[in-house]
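A.B. asks: My questions all concern the structure below.
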Amino acid sequence: MTNTQMNVSGGRSDNLFEMKLDNVKNLSHILRALNFKEMATCFVSENGLKIVVEDAKCVQVSAFIGADLFQEFHVADEQVAFKIDLTVLLDCLSIFDNCSVVPGATAALKMFCTHEGAPLKLFE
C-alpha cells in the first residue's frame, strides 16, 4: 500500500478521495477569502487540497491546505481535480457550522467523493 492510499489513522478507503477536519469553520474562512467568483477548481493530491479561483485568466487566487492539517486524508490517485460552485459549498458548510447544539462547540466535517463524476459528499 502506497503512502497516497493511507490516511492519518492508518486505514484504507475505497473512495476517490476522503478528508476529515475537526473544525469546519477553518475551511469556511479560507473558502470565503477565495469567493470572488462562483466556480472553483479543486485539486486533491497526496500533499493536500488546493483550491483555485480565476477570473477570465486575468486574476487567479489559490489556497493550499496541507494533508497534515486534516485529521484524516486519503486520495486514491496521484491527483484528482474537480470543479465546484464555491457559493453553494459555502452555504452547505454554514449549515454544519451553525448546527452545533452546544454553544462554542465546533462541527467536524468529512468530505469525500466515491468515483469520478460522483457528487462531493459532506457529513458531520
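Chain identifiers are assigned as A, B, and so on, following the order in which chains appear in the C-alpha cells; residues are numbered from 1 within each chain, and ligands are numbered from 1 in order of appearance.
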Name all residues at most 7 Å from stretch 51-66 of chain A (count only C-alpha atoms; drop same-chain ones fewer than 6 positions away) and give them as a list of chain:residue names.
C.D. replies: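 Everything that qualifies: A:Leu34, A:Lys37, A:Met39, A:Ala40, A:Thr41, A:Cys42, A:Phe43.
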A.B. asks: Apply DSSP to the structure's backbone, then extract all residues of chain A labelled strand (DSSP E or B) and return them as a PyMOL selection string.
C.D. replies: chain A and resi 17-21+39-45+48-55+59-66+72-75+79-85+109-113+121-123
A.B. asks: Report, in Å to a single decimal, how far apart atom CA of A:Lys50 and atom CA of A:Asp68 are.
C.D. replies: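 These atoms are spaced 13.4 Å apart.
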A.B. asks: Please run DSSP on the backbone and report, as a PDB file with C-alpha atoms, in the first residue's frame, all residues within chain A that come out as alpha helix (DSSP H).
C.D. replies:
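Resulting contents of result19.pdb:
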```
ATOM      1  CA  VAL A  24     -15.459  23.209   9.630  1.00  0.00           C
ATOM      2  CA  LYS A  25     -15.058  26.900  10.455  1.00  0.00           C
ATOM      3  CA  ASN A  26     -11.381  26.838   9.425  1.00  0.00           C
ATOM      4  CA  LEU A  27     -12.260  25.640   5.920  1.00  0.00           C
ATOM      5  CA  SER A  28     -15.139  28.129   5.664  1.00  0.00           C
ATOM      6  CA  HIS A  29     -12.841  31.069   6.402  1.00  0.00           C
ATOM      7  CA  ILE A  30     -10.377  30.005   3.708  1.00  0.00           C
ATOM      8  CA  LEU A  31     -13.093  29.483   1.097  1.00  0.00           C
ATOM      9  CA  ARG A  32     -14.759  32.800   1.925  1.00  0.00           C
ATOM     10  CA  ALA A  33     -11.486  34.577   1.137  1.00  0.00           C
ATOM     11  CA  LEU A  34     -11.485  32.971  -2.332  1.00  0.00           C
ATOM     12  CA  LEU A  86     -18.000  27.842  -4.247  1.00  0.00           C
ATOM     13  CA  THR A  87     -21.102  29.758  -3.150  1.00  0.00           C
ATOM     14  CA  VAL A  88     -23.125  26.556  -2.801  1.00  0.00           C
ATOM     15  CA  LEU A  89     -20.287  24.839  -0.918  1.00  0.00           C
ATOM     16  CA  LEU A  90     -20.033  27.775   1.491  1.00  0.00           C
ATOM     17  CA  ASP A  91     -23.800  27.654   2.071  1.00  0.00           C
ATOM     18  CA  CYS A  92     -23.534  23.943   2.888  1.00  0.00           C
ATOM     19  CA  LEU A  93     -20.597  24.498   5.232  1.00  0.00           C
ATOM     20  CA  SER A  94     -22.509  27.237   7.062  1.00  0.00           C
ATOM     21  CA  ILE A  95     -25.219  24.670   7.852  1.00  0.00           C
ATOM     22  CA  PHE A  96     -22.596  22.456   9.516  1.00  0.00           C
ATOM     23  CA  ASP A  97     -21.116  25.418  11.352  1.00  0.00           C
TER      24      ASP A  97
END
```
A.B. asks: To one decimal place, how far is atom CA of A:Phe82 from atom CA of A:Asn98 in Å?
C.D. replies: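 We find that atom CA of A:Phe82 and atom CA of A:Asn98 lie 26.6 Å from each other.
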A.B. asks: Quick check, in Å to one decimal: how far apart do atom CA of A:Lys83 and atom CA of A:Cys113 lie?
C.D. replies: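 Interatomic distance here is 12.6 Å.
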A.B. asks: Considering only C-alpha atoms, state which residue in the set A:Leu16, A:Met111, A:Ala67, A:Leu122 is at the smallest distance from A:Gln79.
C.D. replies: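 Comparing A:Leu16, A:Met111, A:Ala67, A:Leu122 against A:Gln79, the winner is A:Leu16.
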